[in-house]
$ cat query39.cif   # mmCIF, C-alpha atoms; chains and numbers go by the auth columns
data_upload
#
loop_
_atom_site.group_PDB
_atom_site.id
_atom_site.type_symbol
_atom_site.label_atom_id
_atom_site.label_comp_id
_atom_site.label_asym_id
_atom_site.label_seq_id
_atom_site.Cartn_x
_atom_site.Cartn_y
_atom_site.Cartn_z
_atom_site.B_iso_or_equiv
_atom_site.auth_seq_id
_atom_site.auth_asym_id
ATOM 1 C CA MET A 1 115.454 157.466 222.196 0.00 295 A
ATOM 2 C CA VAL A 2 117.587 159.366 224.690 0.00 296 A
ATOM 3 C CA GLU A 3 117.972 163.047 223.845 0.00 297 A
ATOM 4 C CA TYR A 4 121.464 164.590 223.938 0.00 298 A
ATOM 5 C CA GLU A 5 122.762 167.936 222.846 0.00 299 A
ATOM 6 C CA LEU A 6 126.378 168.881 223.372 0.00 300 A
ATOM 7 C CA GLU A 7 127.937 172.118 222.226 0.00 301 A
ATOM 8 C CA SER A 8 131.291 171.430 220.596 0.00 302 A
ATOM 9 C CA ALA A 9 132.799 174.382 222.454 0.00 303 A
ATOM 10 C CA GLN A 10 131.580 172.891 225.749 0.00 304 A
ATOM 11 C CA LEU A 11 133.370 169.578 225.211 0.00 305 A
ATOM 12 C CA LYS A 12 136.450 169.156 227.435 0.00 306 A
ATOM 13 C CA ALA A 13 137.188 165.418 227.417 0.00 307 A
ATOM 14 C CA LEU A 14 136.797 162.211 225.434 0.00 308 A
ATOM 15 C CA ILE A 15 136.761 158.849 227.205 0.00 309 A
ATOM 16 C CA PHE A 16 137.262 155.745 225.067 0.00 310 A
ATOM 17 C CA ASP A 17 136.412 152.112 225.469 0.00 311 A
ATOM 18 C CA LEU A 18 139.283 149.901 224.243 0.00 312 A
ATOM 19 C CA ASP A 19 138.344 146.401 223.070 0.00 313 A
ATOM 20 C CA GLY A 20 136.290 146.607 219.892 0.00 314 A
ATOM 21 C CA THR A 21 136.595 150.400 219.871 0.00 315 A
ATOM 22 C CA LEU A 22 140.254 151.301 219.351 0.00 316 A
ATOM 23 C CA TYR A 23 140.960 148.059 217.499 0.00 317 A
ATOM 24 C CA ARG A 24 138.981 145.480 215.503 0.00 318 A
ATOM 25 C CA GLN A 25 138.189 142.854 218.119 0.00 319 A
ATOM 26 C CA ASP A 26 136.423 140.380 215.814 0.00 320 A
ATOM 27 C CA SER A 27 139.458 140.203 213.543 0.00 321 A
ATOM 28 C CA LEU A 28 141.743 139.690 216.533 0.00 322 A
ATOM 29 C CA ARG A 29 139.627 136.880 217.947 0.00 323 A
ATOM 30 C CA ARG A 30 139.635 135.048 214.610 0.00 324 A
ATOM 31 C CA ALA A 31 143.415 135.316 214.430 0.00 325 A
ATOM 32 C CA MET A 32 143.764 134.133 218.021 0.00 326 A
ATOM 33 C CA ALA A 33 141.530 131.134 217.350 0.00 327 A
ATOM 34 C CA VAL A 34 143.900 130.081 214.570 0.00 328 A
ATOM 35 C CA ARG A 35 146.897 130.527 216.881 0.00 329 A
ATOM 36 C CA LEU A 36 145.226 128.474 219.591 0.00 330 A
ATOM 37 C CA VAL A 37 144.538 125.584 217.212 0.00 331 A
ATOM 38 C CA ARG A 38 148.068 125.622 215.788 0.00 332 A
ATOM 39 C CA ALA A 39 149.610 125.679 219.274 0.00 333 A
ATOM 40 C CA HIS A 40 147.693 122.523 220.233 0.00 334 A
ATOM 41 C CA LEU A 41 147.886 120.397 217.099 0.00 335 A
ATOM 42 C CA GLY A 42 149.715 117.715 219.048 0.00 336 A
ATOM 43 C CA ARG A 43 147.547 118.143 222.166 0.00 337 A
ATOM 44 C CA PRO A 44 143.966 118.602 220.956 0.00 338 A
ATOM 45 C CA ARG A 45 142.372 117.827 224.333 0.00 339 A
ATOM 46 C CA LEU A 46 144.407 120.542 226.008 0.00 340 A
ATOM 47 C CA GLY A 47 143.441 122.913 223.213 0.00 341 A
ATOM 48 C CA MET A 48 139.748 122.156 223.689 0.00 342 A
ATOM 49 C CA ARG A 49 140.066 122.580 227.440 0.00 343 A
ATOM 50 C CA THR A 50 141.818 125.917 226.978 0.00 344 A
ATOM 51 C CA ALA A 51 139.137 127.103 224.553 0.00 345 A
ATOM 52 C CA ARG A 52 136.392 126.151 227.023 0.00 346 A
ATOM 53 C CA VAL A 53 138.112 128.109 229.780 0.00 347 A
ATOM 54 C CA LEU A 54 138.491 131.227 227.625 0.00 348 A
ATOM 55 C CA THR A 55 134.847 131.068 226.572 0.00 349 A
ATOM 56 C CA ALA A 56 133.713 130.609 230.174 0.00 350 A
ATOM 57 C CA TYR A 57 135.898 133.509 231.289 0.00 351 A
ATOM 58 C CA ARG A 58 134.227 135.850 228.780 0.00 352 A
ATOM 59 C CA GLN A 59 130.801 134.554 229.810 0.00 353 A
ATOM 60 C CA ALA A 60 131.665 135.213 233.451 0.00 354 A
ATOM 61 C CA GLN A 61 132.405 138.815 232.539 0.00 355 A
ATOM 62 C CA GLU A 62 128.937 139.202 231.044 0.00 356 A
ATOM 63 C CA ARG A 63 127.358 137.734 234.184 0.00 357 A
ATOM 64 C CA LEU A 64 129.334 140.139 236.362 0.00 358 A
ATOM 65 C CA ARG A 65 128.131 143.212 234.507 0.00 359 A
ATOM 66 C CA ASP A 66 125.346 143.185 237.088 0.00 360 A
ATOM 67 C CA PHE A 67 126.805 145.043 240.071 0.00 361 A
ATOM 68 C CA GLN A 68 124.798 142.897 242.473 0.00 362 A
ATOM 69 C CA SER A 69 126.562 139.820 241.103 0.00 363 A
ATOM 70 C CA VAL A 70 129.932 141.370 241.928 0.00 364 A
ATOM 71 C CA SER A 71 128.747 142.265 245.423 0.00 365 A
ATOM 72 C CA SER A 72 127.830 138.637 246.097 0.00 366 A
ATOM 73 C CA TYR A 73 131.523 137.789 245.589 0.00 367 A
ATOM 74 C CA SER A 74 132.690 140.269 248.242 0.00 368 A
ATOM 75 C CA GLY A 75 133.214 142.943 245.619 0.00 369 A
ATOM 76 C CA ASP A 76 136.468 141.439 244.282 0.00 370 A
ATOM 77 C CA LEU A 77 135.978 141.574 240.517 0.00 371 A
ATOM 78 C CA VAL A 78 139.083 139.578 239.564 0.00 372 A
ATOM 79 C CA ALA A 79 138.394 136.840 242.098 0.00 373 A
ATOM 80 C CA ALA A 80 134.733 136.687 241.114 0.00 374 A
ATOM 81 C CA GLN A 81 135.482 136.193 237.422 0.00 375 A
ATOM 82 C CA LEU A 82 138.061 133.535 238.229 0.00 376 A
ATOM 83 C CA GLN A 83 135.687 131.711 240.583 0.00 377 A
ATOM 84 C CA LEU A 84 132.807 131.706 238.104 0.00 378 A
ATOM 85 C CA THR A 85 135.094 130.336 235.390 0.00 379 A
ATOM 86 C CA CYS A 86 136.377 127.571 237.665 0.00 380 A
ATOM 87 C CA GLU A 87 132.828 126.635 238.643 0.00 381 A
ATOM 88 C CA GLN A 88 131.730 126.514 235.008 0.00 382 A
ATOM 89 C CA THR A 89 134.681 124.488 233.697 0.00 383 A
ATOM 90 C CA GLN A 90 135.832 122.544 236.784 0.00 384 A
ATOM 91 C CA ALA A 91 139.344 123.762 235.958 0.00 385 A
ATOM 92 C CA PRO A 92 141.736 124.682 238.795 0.00 386 A
ATOM 93 C CA PRO A 93 142.449 128.385 239.383 0.00 387 A
ATOM 94 C CA ASP A 94 146.089 128.118 238.285 0.00 388 A
ATOM 95 C CA PHE A 95 145.073 126.640 234.933 0.00 389 A
ATOM 96 C CA VAL A 96 142.445 129.324 234.350 0.00 390 A
ATOM 97 C CA SER A 97 144.850 132.112 235.292 0.00 391 A
ATOM 98 C CA GLY A 98 147.503 130.674 232.980 0.00 392 A
ATOM 99 C CA CYS A 99 145.099 130.470 230.051 0.00 393 A
ATOM 100 C CA VAL A 100 143.910 134.032 230.547 0.00 394 A
ATOM 101 C CA SER A 101 147.444 135.392 230.988 0.00 395 A
ATOM 102 C CA ARG A 102 148.741 133.734 227.839 0.00 396 A
ATOM 103 C CA TRP A 103 145.815 133.797 225.436 0.00 397 A
ATOM 104 C CA MET A 104 144.022 137.002 226.430 0.00 398 A
ATOM 105 C CA GLU A 105 146.832 139.205 227.753 0.00 399 A
ATOM 106 C CA THR A 106 150.124 138.220 226.096 0.00 400 A
ATOM 107 C CA GLU A 107 149.619 136.382 222.793 0.00 401 A
ATOM 108 C CA PRO A 108 147.281 139.037 221.259 0.00 402 A
ATOM 109 C CA LEU A 109 149.703 141.946 221.738 0.00 403 A
ATOM 110 C CA PRO A 110 151.808 141.489 218.561 0.00 404 A
ATOM 111 C CA LEU A 111 148.610 141.360 216.487 0.00 405 A
ATOM 112 C CA LEU A 112 147.036 144.576 217.714 0.00 406 A
ATOM 113 C CA ALA A 113 148.905 147.254 215.745 0.00 407 A
ATOM 114 C CA SER A 114 147.668 145.899 212.407 0.00 408 A
ATOM 115 C CA ARG A 115 144.088 145.984 213.684 0.00 409 A
ATOM 116 C CA ILE A 116 143.861 149.547 214.959 0.00 410 A
ATOM 117 C CA GLN A 117 140.624 151.192 213.871 0.00 411 A
ATOM 118 C CA PRO A 118 140.915 153.596 210.922 0.00 412 A
ATOM 119 C CA GLY A 119 141.011 157.224 211.994 0.00 413 A
ATOM 120 C CA VAL A 120 141.958 156.663 215.639 0.00 414 A
ATOM 121 C CA VAL A 121 145.243 158.574 215.538 0.00 415 A
ATOM 122 C CA ASP A 122 143.742 161.394 213.480 0.00 416 A
ATOM 123 C CA LEU A 123 140.950 161.806 216.018 0.00 417 A
ATOM 124 C CA LEU A 124 143.343 161.752 218.966 0.00 418 A
ATOM 125 C CA SER A 125 145.511 164.359 217.267 0.00 419 A
ATOM 126 C CA ALA A 126 142.510 166.583 216.500 0.00 420 A
ATOM 127 C CA ALA A 127 141.214 166.242 220.068 0.00 421 A
ATOM 128 C CA ARG A 128 144.612 167.094 221.535 0.00 422 A
ATOM 129 C CA ALA A 129 144.878 170.128 219.241 0.00 423 A
ATOM 130 C CA ARG A 130 141.577 171.334 220.685 0.00 424 A
ATOM 131 C CA GLY A 131 142.948 170.947 224.214 0.00 425 A
ATOM 132 C CA LEU A 132 140.673 168.042 225.128 0.00 426 A
ATOM 133 C CA LYS A 133 141.553 165.625 227.903 0.00 427 A
ATOM 134 C CA LEU A 134 141.765 162.003 226.735 0.00 428 A
ATOM 135 C CA ALA A 135 141.090 158.867 228.752 0.00 429 A
ATOM 136 C CA VAL A 136 140.543 155.145 228.324 0.00 430 A
ATOM 137 C CA LEU A 137 138.070 153.144 230.398 0.00 431 A
ATOM 138 C CA SER A 138 138.275 149.430 229.624 0.00 432 A
ATOM 139 C CA ASP A 139 136.762 146.292 231.110 0.00 433 A
ATOM 140 C CA TYR A 140 140.294 144.833 231.307 0.00 434 A
ATOM 141 C CA PRO A 141 143.718 146.336 232.109 0.00 435 A
ATOM 142 C CA ALA A 142 144.581 148.494 229.126 0.00 436 A
ATOM 143 C CA GLU A 143 148.174 149.722 229.403 0.00 437 A
ATOM 144 C CA ALA A 144 149.872 146.859 227.523 0.00 438 A
ATOM 145 C CA LYS A 145 147.295 146.927 224.732 0.00 439 A
ATOM 146 C CA LEU A 146 147.641 150.689 224.307 0.00 440 A
ATOM 147 C CA ARG A 147 151.430 150.306 224.013 0.00 441 A
ATOM 148 C CA ALA A 148 150.981 147.541 221.453 0.00 442 A
ATOM 149 C CA LEU A 149 148.627 149.773 219.452 0.00 443 A
ATOM 150 C CA GLY A 150 151.174 152.596 219.635 0.00 444 A
ATOM 151 C CA VAL A 151 148.729 155.093 221.154 0.00 445 A
ATOM 152 C CA ASP A 152 149.609 154.981 224.862 0.00 446 A
ATOM 153 C CA GLY A 153 151.263 158.408 224.758 0.00 447 A
ATOM 154 C CA TRP A 154 148.017 160.139 223.822 0.00 448 A
ATOM 155 C CA PHE A 155 146.075 159.471 227.013 0.00 449 A
ATOM 156 C CA ASP A 156 146.032 161.515 230.197 0.00 450 A
ATOM 157 C CA LEU A 157 144.243 158.786 232.146 0.00 451 A
ATOM 158 C CA VAL A 158 143.869 155.007 231.783 0.00 452 A
ATOM 159 C CA LEU A 159 141.322 153.151 233.913 0.00 453 A
ATOM 160 C CA SER A 160 139.928 149.638 233.890 0.00 454 A
ATOM 161 C CA ALA A 161 137.237 147.757 235.741 0.00 455 A
ATOM 162 C CA GLN A 162 140.042 146.281 237.841 0.00 456 A
ATOM 163 C CA SER A 163 141.313 149.701 238.949 0.00 457 A
ATOM 164 C CA PRO A 164 140.924 150.096 242.733 0.00 458 A
ATOM 165 C CA GLN A 165 138.687 153.149 242.300 0.00 459 A
ATOM 166 C CA VAL A 166 136.367 151.326 239.870 0.00 460 A
ATOM 167 C CA GLY A 167 135.859 147.647 240.730 0.00 461 A
ATOM 168 C CA VAL A 168 132.889 147.044 238.404 0.00 462 A
ATOM 169 C CA PHE A 169 132.315 146.264 234.752 0.00 463 A
ATOM 170 C CA LYS A 170 130.293 148.551 232.540 0.00 464 A
ATOM 171 C CA PRO A 171 127.421 149.369 232.215 0.00 465 A
ATOM 172 C CA HIS A 172 127.912 150.528 235.796 0.00 466 A
ATOM 173 C CA PRO A 173 128.873 154.217 235.418 0.00 467 A
ATOM 174 C CA ARG A 174 131.490 154.273 238.183 0.00 468 A
ATOM 175 C CA GLY A 175 134.492 154.222 235.832 0.00 469 A
ATOM 176 C CA ILE A 176 133.198 157.218 233.888 0.00 470 A
ATOM 177 C CA GLN A 177 132.384 159.016 237.126 0.00 471 A
ATOM 178 C CA VAL A 178 135.911 158.391 238.431 0.00 472 A
ATOM 179 C CA ALA A 179 137.384 159.813 235.220 0.00 473 A
ATOM 180 C CA LEU A 180 135.196 162.915 235.488 0.00 474 A
ATOM 181 C CA ASP A 181 136.229 163.429 239.105 0.00 475 A
ATOM 182 C CA LEU A 182 139.923 163.089 238.281 0.00 476 A
ATOM 183 C CA PHE A 183 139.564 165.529 235.388 0.00 477 A
ATOM 184 C CA GLY A 184 137.468 167.914 237.475 0.00 478 A
ATOM 185 C CA LEU A 185 134.736 168.001 234.832 0.00 479 A
ATOM 186 C CA SER A 186 130.953 167.750 234.798 0.00 480 A
ATOM 187 C CA PRO A 187 129.131 165.132 232.689 0.00 481 A
ATOM 188 C CA CYS A 188 127.993 167.725 230.164 0.00 482 A
ATOM 189 C CA GLN A 189 131.632 168.370 229.260 0.00 483 A
ATOM 190 C CA CYS A 190 132.465 164.795 228.280 0.00 484 A
ATOM 191 C CA ALA A 191 131.699 162.168 225.641 0.00 485 A
ATOM 192 C CA TYR A 192 132.167 158.417 225.957 0.00 486 A
ATOM 193 C CA ILE A 193 133.062 156.468 222.815 0.00 487 A
ATOM 194 C CA GLY A 194 132.439 152.739 222.575 0.00 488 A
ATOM 195 C CA ASP A 195 131.196 149.930 220.365 0.00 489 A
ATOM 196 C CA ARG A 196 128.321 148.399 222.379 0.00 490 A
ATOM 197 C CA ALA A 197 125.107 150.314 222.987 0.00 491 A
ATOM 198 C CA ASP A 198 124.024 147.885 225.727 0.00 492 A
ATOM 199 C CA VAL A 199 127.283 148.329 227.638 0.00 493 A
ATOM 200 C CA ASP A 200 129.098 151.522 226.608 0.00 494 A
ATOM 201 C CA GLY A 201 125.968 153.440 225.709 0.00 495 A
ATOM 202 C CA ALA A 202 124.201 152.403 228.893 0.00 496 A
ATOM 203 C CA ALA A 203 127.216 153.371 231.018 0.00 497 A
ATOM 204 C CA ALA A 204 127.379 156.772 229.345 0.00 498 A
ATOM 205 C CA GLU A 205 123.663 157.333 229.847 0.00 499 A
ATOM 206 C CA ALA A 206 123.900 156.389 233.526 0.00 500 A
ATOM 207 C CA ALA A 207 126.820 158.786 234.007 0.00 501 A
ATOM 208 C CA GLY A 208 125.068 161.580 232.112 0.00 502 A
ATOM 209 C CA VAL A 209 127.740 161.956 229.437 0.00 503 A
ATOM 210 C CA TYR A 210 127.310 162.061 225.676 0.00 504 A
ATOM 211 C CA PRO A 211 127.454 158.535 224.167 0.00 505 A
ATOM 212 C CA TYR A 212 128.978 157.925 220.750 0.00 506 A
ATOM 213 C CA ILE A 213 128.578 154.307 219.630 0.00 507 A
ATOM 214 C CA LEU A 214 130.619 153.113 216.673 0.00 508 A
ATOM 215 C CA GLY A 215 128.808 151.164 213.988 0.00 509 A
ATOM 216 C CA PRO A 216 127.999 151.123 210.282 0.00 510 A
ATOM 217 C CA GLY A 217 128.568 154.635 208.979 0.00 511 A
ATOM 218 C CA ARG A 218 129.655 155.869 212.406 0.00 512 A
ATOM 219 C CA GLY A 219 133.431 155.853 212.764 0.00 513 A
ATOM 220 C CA PHE A 220 136.236 158.022 214.035 0.00 514 A
ATOM 221 C CA ALA A 221 136.322 160.153 210.878 0.00 515 A
ATOM 222 C CA GLU A 222 132.691 161.180 211.435 0.00 516 A
ATOM 223 C CA LEU A 223 133.371 161.963 215.077 0.00 517 A
ATOM 224 C CA GLU A 224 136.329 164.125 214.117 0.00 518 A
ATOM 225 C CA GLN A 225 134.058 166.069 211.754 0.00 519 A
ATOM 226 C CA LEU A 226 131.484 166.503 214.508 0.00 520 A
ATOM 227 C CA LEU A 227 134.155 167.877 216.832 0.00 521 A
ATOM 228 C CA GLU A 228 134.967 170.523 214.246 0.00 522 A
ATOM 229 C CA GLY A 229 131.323 171.676 214.076 0.00 523 A
ATOM 230 C CA THR A 230 129.288 173.813 216.400 0.00 524 A
ATOM 231 C CA ARG A 231 127.543 170.958 218.178 0.00 525 A
ATOM 232 C CA LEU A 232 127.545 167.190 218.373 0.00 526 A
ATOM 233 C CA ALA A 233 124.515 165.647 216.735 0.00 527 A
ATOM 234 C CA GLN A 234 122.097 163.484 218.678 0.00 528 A
ATOM 235 C CA PRO A 235 123.689 160.014 218.774 0.00 529 A
ATOM 236 C CA LEU A 236 122.040 157.145 216.930 0.00 530 A
ATOM 237 C CA LEU A 237 121.448 155.298 220.163 0.00 531 A
ATOM 238 C CA ASP A 238 118.314 153.546 221.397 0.00 532 A
ATOM 239 C CA LEU A 239 118.652 152.260 224.941 0.00 533 A
ATOM 240 C CA ALA A 240 114.969 151.486 225.423 0.00 534 A
#

$ encode --input "query39.cif" --output "structure tokens"
Amino acid sequence: MVEYELESAQLKALIFDLDGTLYRQDSLRRAMAVRLVRAHLGRPRLGMRTARVLTAYRQAQERLRDFQSVSSYSGDLVAAQLQLTCEQTQAPPDFVSGCVSRWMETEPLPLLASRIQPGVVDLLSAARARGLKLAVLSDYPAEAKLRALGVDGWFDLVLSAQSPQVGVFKPHPRGIQVALDLFGLSPCQCAYIGDRADVDGAAAEAAGVYPYILGPGRGFAELEQLLEGTRLAQPLLDLA
């Protein structure tokens, strides 16, 4: 178990993951699966091909979480994920890009607002009232999703793995380090909030910031209460 102790008065910034953290990702994916099937009722082969591409694209992301894997593709994260997906599915790049643009970037947007995590806005309001800086660090471009959720106005900084200064997926800590540099803060003044211990928790640990991983009994309401106390409790996080 990693030991953390963070004085509430010392805290100056919160950095949030997006997918699965600010909204319920499992619910969204189920709804999108239904939409995908309905859109291809008359073209089932195209629907199956599209589904295979989307699955391969997500799997490519997991493979590229290893920084060395990105480096082997000349460090171009977007091109690397596209190439891996094409190799896996034998689909042409234009088809893959079209599937990703429609089914991962555009079609989900109208469904996001109804799936925002309980307590998000209350926490953002409480953090802002305390004078905390707020940022998002996502594995995918986040601006459109934040607008769809109705929370884009809360954040001082929005970064993604595709940002020029970042260029890697978590758990590489570079995105968190970039946020700290831009805020002019040290790791001990920041907490990173996510939903995956193996990705978000590991990135936070590598960057030296306090990790808060959402899970059963650990939501935004509890984090808001912790911010009001004298110190943040040791996170329930085992990265061993």

$ residues_near_point --input "query39.cif" --point "(144.3, 124.6, 238.4)" --cutoff "12 Å" --atoms "only C-alpha atoms" --output "number ranges by chain"
A: 343-344, 347, 376-377, 379-381, 383-393

$ residues_around --input "query39.cif" --residues "region 458-462 of chain A" --least-positions-apart "2" --cutoff "9 Å" --atoms "all atoms listed in the file" --output "mmCIF file with C-alpha atoms, in the frame of the given file"
data_model
loop_
_atom_site.group_PDB
_atom_site.id
_atom_site.type_symbol
_atom_site.label_atom_id
_atom_site.label_comp_id
_atom_site.auth_asym_id
_atom_site.auth_seq_id
_atom_site.Cartn_x
_atom_site.Cartn_y
_atom_site.Cartn_z
ATOM 1 C CA LEU A 358 129.334 140.139 236.362
ATOM 2 C CA ARG A 359 128.131 143.212 234.507
ATOM 3 C CA ASP A 360 125.346 143.185 237.088
ATOM 4 C CA PHE A 361 126.805 145.043 240.071
ATOM 5 C CA VAL A 364 129.932 141.370 241.928
ATOM 6 C CA GLY A 369 133.214 142.943 245.619
ATOM 7 C CA ASP A 370 136.468 141.439 244.282
ATOM 8 C CA LEU A 371 135.978 141.574 240.517
ATOM 9 C CA VAL A 372 139.083 139.578 239.564
ATOM 10 C CA ASP A 433 136.762 146.292 231.110
ATOM 11 C CA LEU A 453 141.322 153.151 233.913
ATOM 12 C CA SER A 454 139.928 149.638 233.890
ATOM 13 C CA ALA A 455 137.237 147.757 235.741
ATOM 14 C CA GLN A 456 140.042 146.281 237.841
ATOM 15 C CA LYS A 464 130.293 148.551 232.540
ATOM 16 C CA PRO A 465 127.421 149.369 232.215
ATOM 17 C CA HIS A 466 127.912 150.528 235.796
ATOM 18 C CA PRO A 467 128.873 154.217 235.418
ATOM 19 C CA ARG A 468 131.490 154.273 238.183
ATOM 20 C CA GLY A 469 134.492 154.222 235.832
ATOM 21 C CA ILE A 470 133.198 157.218 233.888
ATOM 22 C CA VAL A 472 135.911 158.391 238.431
#

$ resolve_selection --input "query39.cif" --expression "the PyMOL selection byres ((chain A and resi 406) around 8)" --output "MDAnalysis selection string"
chainID A and resid 317 322 402:405 407:410 439 442:443

$ resolve_selection --input "query39.cif" --expression "the PyMOL selection byres ((chain A and resi 417) around 10)" --output "list in words"
Pro412, Gly413, Val414, Val415, Asp416, Leu418, Ser419, Ala420, Ala421, Arg422, Ala423, Phe514, Ala515, Glu516, Leu517, Glu518, Gln519 and Leu521 of chain A

$ resolve_selection --input "query39.cif" --expression "the PyMOL selection byres ((chain A and resi 494-501) around 9)" --output "list of chain:residue names"
A:Val296, A:Asp311, A:Lys464, A:Pro465, A:His466, A:Pro467, A:Arg468, A:Gly469, A:Ile470, A:Gln471, A:Pro481, A:Ala485, A:Tyr486, A:Ile487, A:Gly488, A:Asp489, A:Arg490, A:Ala491, A:Asp492, A:Val493, A:Gly502, A:Val503, A:Tyr504, A:Pro505, A:Tyr506, A:Ile507, A:Leu531, A:Asp532, A:Leu533

$ atom_distance --input "query39.cif" --atom1 "CA of Arg329 (chain A)" --atom2 "CA of Gly341 (chain A)"
10.5 Å

$ closest_residue --input "query39.cif" --among "A:Arg346, A:Val331, A:Lys306, A:Arg424" --to "Glu522 (chain A)" --atoms "all atoms listed in the file"
A:Arg424

$ atom_distance --input "query39.cif" --atom1 "CA of Leu305 (chain A)" --atom2 "CA of Gln411 (chain A)"
22.8 Å

$ atom_distance --input "query39.cif" --atom1 "CA of Asp320 (chain A)" --atom2 "CA of Leu520 (chain A)"
26.6 Å

$ residues_near_point --input "query39.cif" --point "(145.8, 153.6, 232.9)" --cutoff "10 Å" --atoms "all atoms listed in the file" --output "PyMOL selection string"
chain A and resi 429-432+435-438+440+446+449-454+457
